[in-house]
>>> print(open('protein-v1.csv').read())   # CSV, C-alpha atoms
chain,number,residue,atom,x,y,z
A,1,MET,CA,0.0,0.0,0.0
A,2,LYS,CA,2.9,2.4,0.8
A,3,ASP,CA,4.1,2.0,-2.7
A,4,ASP,CA,0.8,2.9,-4.2
A,5,ALA,CA,0.9,6.2,-6.1
A,6,ARG,CA,-2.2,7.5,-4.5
A,7,PHE,CA,-1.0,6.7,-1.0
A,8,ILE,CA,2.3,8.5,-1.8
A,9,LYS,CA,0.5,11.5,-3.2
A,10,ASN,CA,-1.8,11.8,-0.2
A,11,GLU,CA,1.2,11.5,2.2
A,12,GLU,CA,2.9,14.4,0.3
A,13,LYS,CA,-0.3,16.4,0.5
A,14,ILE,CA,-0.4,15.8,4.3
A,15,ILE,CA,3.2,16.8,4.8
A,16,GLU,CA,3.1,19.9,2.6
A,17,THR,CA,-0.2,21.1,4.2
A,18,PHE,CA,1.3,20.5,7.6
A,19,LYS,CA,4.4,22.5,6.7
A,20,ARG,CA,2.3,25.5,5.5
A,21,MET,CA,0.2,25.3,8.7
A,22,VAL,CA,3.4,25.4,10.8
A,23,LEU,CA,4.3,28.6,9.1
A,24,GLU,CA,0.9,30.1,10.0
A,25,MET,CA,0.2,28.9,13.5
A,26,ASN,CA,1.4,27.4,16.7
A,27,PHE,CA,1.6,23.6,16.9
A,28,GLU,CA,-1.2,23.3,19.5
A,29,ASN,CA,-3.6,24.9,17.1
A,30,ILE,CA,-3.0,22.4,14.3
A,31,THR,CA,-5.8,19.9,14.1
A,32,VAL,CA,-6.4,16.9,11.9
A,33,LYS,CA,-9.8,18.4,10.9
A,34,GLU,CA,-8.2,21.6,9.6
A,35,LEU,CA,-5.3,19.8,8.0
A,36,THR,CA,-7.5,17.4,6.1
A,37,GLU,CA,-9.8,20.3,5.0
A,38,ARG,CA,-6.8,22.3,3.7
A,39,ALA,CA,-5.3,19.2,2.0
A,40,LYS,CA,-8.7,18.3,0.5
A,41,ILE,CA,-8.5,14.8,1.8
A,42,ASN,CA,-10.8,12.7,4.0
A,43,ARG,CA,-9.8,12.3,7.7
A,44,LYS,CA,-9.8,8.5,7.2
A,45,THR,CA,-7.0,9.1,4.6
A,46,PHE,CA,-5.0,11.0,7.2
A,47,TYR,CA,-5.5,8.2,9.7
A,48,LEU,CA,-4.2,5.7,7.1
A,49,HIS,CA,-0.9,7.5,7.3
A,50,TYR,CA,-0.7,8.8,10.9
A,51,SER,CA,-2.6,8.2,14.1
A,52,THR,CA,-2.3,11.8,15.3
A,53,ILE,CA,-0.7,15.1,14.5
A,54,GLU,CA,2.0,14.2,17.0
A,55,ASP,CA,2.7,11.0,15.1
A,56,LEU,CA,3.1,13.0,11.9
A,57,VAL,CA,5.6,15.2,13.7
A,58,LYS,CA,7.5,12.2,15.1
A,59,ASN,CA,7.8,10.8,11.6
A,60,LEU,CA,9.1,14.1,10.3
A,61,GLU,CA,11.6,14.3,13.2
A,62,ILE,CA,12.9,10.9,12.3
A,63,LYS,CA,13.1,11.7,8.6
A,64,TYR,CA,14.9,14.9,9.1
A,65,CYS,CA,17.3,13.5,11.7
A,66,GLU,CA,18.2,10.6,9.5
A,67,GLU,CA,18.8,13.0,6.6
A,68,TYR,CA,20.9,15.3,8.7
A,69,VAL,CA,23.0,12.5,10.2
A,70,LYS,CA,23.5,11.1,6.7
A,71,PHE,CA,24.5,14.6,5.5
A,72,ILE,CA,27.3,14.8,8.1
A,73,ASP,CA,28.2,11.1,8.0
A,74,GLY,CA,31.9,10.5,7.7
A,75,LEU,CA,32.9,13.8,9.2
A,76,ASP,CA,35.2,13.8,12.2
A,77,ILE,CA,33.8,16.1,14.8
A,78,PHE,CA,37.3,17.1,16.0
A,79,HIS,CA,38.9,17.6,12.6
A,80,ASP,CA,35.9,18.5,10.4
A,81,TYR,CA,34.0,20.7,12.8
A,82,LYS,CA,33.9,23.7,10.5
A,83,GLU,CA,32.4,21.5,7.8
A,84,ILE,CA,29.8,20.1,10.2
A,85,ILE,CA,28.8,23.7,11.1
A,86,LYS,CA,28.6,24.5,7.4
A,87,ARG,CA,26.4,21.5,6.7
A,88,PHE,CA,24.2,22.3,9.7
A,89,TYR,CA,23.5,25.7,8.2
A,90,LEU,CA,23.1,24.3,4.6
A,91,PHE,CA,20.7,21.6,5.8
A,92,HIS,CA,18.5,24.1,7.5
A,93,MET,CA,18.7,26.4,4.5
A,94,GLN,CA,17.7,23.6,2.1
A,95,LYS,CA,14.7,22.7,4.2
A,96,GLY,CA,13.6,26.4,4.1
A,97,GLU,CA,11.2,28.4,6.2
A,98,PHE,CA,9.6,25.3,7.8
A,99,MET,CA,12.9,24.2,9.3
A,100,ASP,CA,13.7,27.7,10.4
A,101,LYS,CA,10.3,27.9,12.2
A,102,LEU,CA,11.0,24.6,14.0
A,103,THR,CA,14.5,25.7,14.9
A,104,CYS,CA,13.8,29.3,16.0
A,105,ASP,CA,10.2,29.6,17.2
A,106,PRO,CA,9.8,28.9,21.0
A,107,ASN,CA,6.4,27.3,20.3
A,108,TYR,CA,8.2,24.4,18.6
A,109,GLU,CA,10.8,23.9,21.3
A,110,TYR,CA,9.5,20.4,22.1
A,111,VAL,CA,9.9,19.3,18.4
A,112,ARG,CA,13.3,20.9,18.2
A,113,ASN,CA,14.5,19.3,21.4
A,114,GLN,CA,13.4,15.9,20.2
A,115,MET,CA,15.4,16.3,17.0
A,116,ILE,CA,18.4,17.6,18.8
A,117,ASN,CA,18.4,14.6,21.2
A,118,LYS,CA,18.3,12.2,18.2
A,119,VAL,CA,21.3,13.9,16.6
A,120,LYS,CA,23.2,14.1,19.9
A,121,GLN,CA,22.6,10.4,20.3
A,122,SER,CA,24.2,9.7,17.0
A,123,TYR,CA,27.3,11.5,18.3
A,124,ILE,CA,27.2,9.5,21.6
A,125,ASP,CA,26.9,6.3,19.6
A,126,SER,CA,29.9,7.3,17.5
A,127,SER,CA,33.3,5.7,18.2
A,128,ILE,CA,34.8,9.2,17.9
A,129,PHE,CA,34.1,9.8,21.5
A,130,LYS,CA,35.2,6.4,22.9
A,131,ASP,CA,37.9,8.0,25.1
A,132,LEU,CA,35.6,10.4,26.9
A,133,ASP,CA,33.7,9.5,30.0
A,134,LYS,CA,29.9,9.9,29.6
A,135,HIS,CA,29.7,13.1,31.7
A,136,THR,CA,32.5,14.9,29.7
A,137,LEU,CA,30.9,13.7,26.5
A,138,ASN,CA,27.5,15.0,27.5
A,139,ILE,CA,29.0,18.5,28.3
A,140,ALA,CA,31.1,18.6,25.1
A,141,ILE,CA,28.2,17.6,22.8
A,142,ASN,CA,25.8,20.1,24.6
A,143,TYR,CA,28.4,22.9,24.2
A,144,MET,CA,28.9,22.3,20.5
A,145,HIS,CA,25.2,21.9,19.7
A,146,ASN,CA,23.9,24.7,21.8
A,147,THR,CA,26.5,27.1,20.6
A,148,THR,CA,25.8,26.4,16.9
A,149,LEU,CA,22.1,26.3,17.4
A,150,SER,CA,22.1,29.6,19.3
A,151,LEU,CA,24.2,31.3,16.6
A,152,TYR,CA,22.0,29.9,13.8
A,153,LYS,CA,18.9,31.2,15.5
A,154,ALA,CA,20.4,34.6,16.1
A,155,TRP,CA,21.5,34.7,12.4
A,156,VAL,CA,17.9,33.8,11.2
A,157,ASN,CA,16.4,36.3,13.6
A,158,ASP,CA,18.7,38.9,12.2
A,159,ASN,CA,17.4,38.1,8.7
A,160,LYS,CA,20.7,36.4,7.8
A,161,SER,CA,22.4,39.7,7.5
A,162,ILE,CA,25.9,38.3,7.9
A,163,PRO,CA,27.0,36.6,4.6
A,164,PHE,CA,27.0,32.8,4.7
A,165,GLU,CA,30.7,32.1,4.7
A,166,GLU,CA,31.3,34.8,7.4
A,167,ILE,CA,28.7,33.3,9.7
A,168,ILE,CA,30.2,29.8,9.3
A,169,GLU,CA,33.7,31.3,10.1
A,170,LEU,CA,32.3,33.2,13.1
A,171,ASN,CA,30.5,30.2,14.4
A,172,TYR,CA,33.6,28.0,14.1
A,173,LYS,CA,35.8,30.6,15.8
A,174,LEU,CA,33.4,30.9,18.7
A,175,VAL,CA,32.9,27.2,19.2
A,176,ILE,CA,36.6,26.4,19.0
A,177,ASN,CA,38.1,29.5,20.7
A,178,GLY,CA,35.3,31.1,22.6
A,179,LEU,CA,35.1,34.9,22.7
A,180,SER,CA,38.9,35.1,22.9
A,181,GLY,CA,39.0,33.9,19.3
A,182,LEU,CA,37.4,37.2,18.2
A,183,THR,CA,39.9,39.5,19.8
A,184,LYS,CA,43.5,40.2,18.7
A,185,ASN,CA,44.8,41.0,22.1
A,186,THR,CA,44.0,38.2,24.5
A,187,LYS,CA,45.6,38.0,27.9
>>> encode(input="protein-v1.csv", output="structure tokens")
Amino acid sequence: MKDDARFIKNEEKIIETFKRMVLEMNFENITVKELTERAKINRKTFYLHYSTIEDLVKNLEIKYCEEYVKFIDGLDIFHDYKEIIKRFYLFHMQKGEFMDKLTCDPNYEYVRNQMINKVKQSYIDSSIFKDLDKHTLNIAINYMHNTTLSLYKAWVNDNKSIPFEEIIELNYKLVINGLSGLTKNTK
């Protein structure tokens, strides 16, 4: 059934309608009734794909996390961190306004945190960190993710006014060197 052209087309309608609704309203205001009306599908059709709106979100979380992990696969977090930052920004930019809304809007914090936790787990499961104890690993991963995420959100909220290559360089310097990396005269 999942290979059926009509099933696939309806799934795409559901996802695209959901994305448009996310851009217009808070998550708690999105209902199956309104989504199906906008998508011009029957509610039974929605329930063939998902049991709830939360189930739809969970499936999107998994899909995007898998895509992102694949996008950065093979990169060494210690030696390729600048490239990881760049790919983080590129991934979000490729996904467009919908991903920016999930990333930056406080109303979607739960969704964002679920996605972040899935990506963090991929780092924890990686053999790259085998020499770190779990507490140090947790702090290091949180530092890297939270810094990059915060800078990305600030960049989006500032209408991406800093050119792409410059924000990548700035993000990298701040993660690697902290604030001292931005000054010429450090003590």
>>> closest_residue(input="protein-v1.csv", among="A:Phe18, A:Tyr68, A:Tyr108, A:Tyr50", to="A:Phe88", atoms="only C-alpha atoms")
A:Tyr68
>>> closest_atom_pairs(input="protein-v1.csv", of="stretch 27-131 of chain A", to="stretch 175-180 of chain A", cutoff="12 Å", atoms="all atoms listed in the file", output="CSV")
residue,atom,partner,partner_atom,distance
A:Ile77,CA,A:Ile176,CA,11.5
A:Phe78,CA,A:Ile176,CA,9.8
A:His79,CA,A:Ile176,CA,11.1
A:Asp80,CA,A:Ile176,CA,11.7
A:Tyr81,CA,A:Ile176,CA,8.8
A:Lys82,CA,A:Ile176,CA,9.3
A:Ile84,CA,A:Val175,CA,11.9
A:Ile85,CA,A:Val175,CA,9.7
>>> closest_residue(input="protein-v1.csv", among="A:Ile72, A:Lys58, A:Ser161, A:His135", to="A:Leu90", atoms="all atoms listed in the file")
A:Ile72
>>> atom_distance(input="protein-v1.csv", atom1="atom CA of A:Ser122", atom2="atom CA of A:Asp76")
12.7 Å
>>> closest_residue(input="protein-v1.csv", among="A:Lys153, A:Lys9, A:Lys101, A:Lys160", to="A:Ala39", atoms="all atoms listed in the file")
A:Lys9
>>> build_atoms(input="protein-v1.csv", residues="stretch 156-186 of chain A", atoms="N, CA and C atoms", output="tab-separated table (two decimals), keeping the file's coordinate frame")
chain	number	residue	atom	x	y	z
A	156	VAL	N	19.28	33.77	11.87
A	156	VAL	CA	17.90	33.80	11.20
A	156	VAL	C	17.14	34.96	11.73
A	157	ASN	N	17.13	35.17	13.04
A	157	ASN	CA	16.40	36.30	13.60
A	157	ASN	C	16.88	37.65	13.19
A	158	ASP	N	18.12	37.69	12.75
A	158	ASP	CA	18.70	38.90	12.20
A	158	ASP	C	18.64	38.97	10.71
A	159	ASN	N	17.69	38.20	10.17
A	159	ASN	CA	17.40	38.10	8.70
A	159	ASN	C	18.67	37.74	7.91
A	160	LYS	N	19.50	36.90	8.51
A	160	LYS	CA	20.70	36.40	7.80
A	160	LYS	C	21.53	37.47	7.22
A	161	SER	N	21.70	38.53	8.02
A	161	SER	CA	22.40	39.70	7.50
A	161	SER	C	23.91	39.53	7.35
A	162	ILE	N	24.48	38.56	8.05
A	162	ILE	CA	25.90	38.30	7.90
A	162	ILE	C	26.01	37.26	6.72
A	163	PRO	N	26.89	37.50	5.75
A	163	PRO	CA	27.00	36.60	4.60
A	163	PRO	C	27.33	35.13	5.13
A	164	PHE	N	26.87	34.16	4.37
A	164	PHE	CA	27.00	32.80	4.70
A	164	PHE	C	28.35	32.33	5.18
A	165	GLU	N	29.35	32.56	4.34
A	165	GLU	CA	30.70	32.10	4.70
A	165	GLU	C	31.22	32.80	5.95
A	166	GLU	N	30.83	34.04	6.16
A	166	GLU	CA	31.30	34.80	7.40
A	166	GLU	C	30.61	34.20	8.63
A	167	ILE	N	29.33	33.83	8.56
A	167	ILE	CA	28.70	33.30	9.70
A	167	ILE	C	29.25	31.90	10.08
A	168	ILE	N	29.62	31.15	9.07
A	168	ILE	CA	30.20	29.80	9.30
A	168	ILE	C	31.58	30.05	10.03
A	169	GLU	N	32.39	30.97	9.53
A	169	GLU	CA	33.70	31.30	10.10
A	169	GLU	C	33.51	31.78	11.57
A	170	LEU	N	32.56	32.68	11.77
A	170	LEU	CA	32.30	33.20	13.10
A	170	LEU	C	31.84	32.12	14.05
A	171	ASN	N	30.93	31.29	13.61
A	171	ASN	CA	30.50	30.20	14.40
A	171	ASN	C	31.61	29.27	14.81
A	172	TYR	N	32.42	28.92	13.83
A	172	TYR	CA	33.60	28.00	14.10
A	172	TYR	C	34.52	28.65	15.11
A	173	LYS	N	34.87	29.91	14.91
A	173	LYS	CA	35.80	30.60	15.80
A	173	LYS	C	35.23	30.59	17.26
A	174	LEU	N	33.95	30.88	17.38
A	174	LEU	CA	33.40	30.90	18.70
A	174	LEU	C	33.30	29.58	19.37
A	175	VAL	N	32.98	28.54	18.62
A	175	VAL	CA	32.90	27.20	19.20
A	175	VAL	C	34.32	26.73	19.61
A	176	ILE	N	35.28	26.94	18.73
A	176	ILE	CA	36.60	26.40	19.00
A	176	ILE	C	37.40	27.28	19.99
A	177	ASN	N	37.28	28.61	19.88
A	177	ASN	CA	38.10	29.50	20.70
A	177	ASN	C	37.35	30.30	21.74
A	178	GLY	N	36.05	30.23	21.74
A	178	GLY	CA	35.30	31.10	22.60
A	178	GLY	C	35.42	32.53	22.22
A	179	LEU	N	35.06	33.45	23.07
A	179	LEU	CA	35.10	34.90	22.70
A	179	LEU	C	36.56	35.35	22.50
A	180	SER	N	37.53	34.68	23.12
A	180	SER	CA	38.90	35.10	22.90
A	180	SER	C	39.37	34.96	21.48
A	181	GLY	N	38.70	34.10	20.72
A	181	GLY	CA	39.00	33.90	19.30
A	181	GLY	C	38.66	35.09	18.43
A	182	LEU	N	37.86	36.01	18.97
A	182	LEU	CA	37.40	37.20	18.20
A	182	LEU	C	38.29	38.40	18.43
A	183	THR	N	39.10	38.34	19.46
A	183	THR	CA	39.90	39.50	19.80
A	183	THR	C	41.39	39.24	19.40
A	184	LYS	N	42.08	40.31	19.06
A	184	LYS	CA	43.50	40.20	18.70
A	184	LYS	C	44.39	40.15	19.90
A	185	ASN	N	44.01	40.86	20.93
A	185	ASN	CA	44.80	41.00	22.10
A	185	ASN	C	44.19	40.23	23.28
A	186	THR	N	44.51	38.96	23.39
A	186	THR	CA	44.00	38.20	24.50
A	186	THR	C	45.06	38.06	25.55
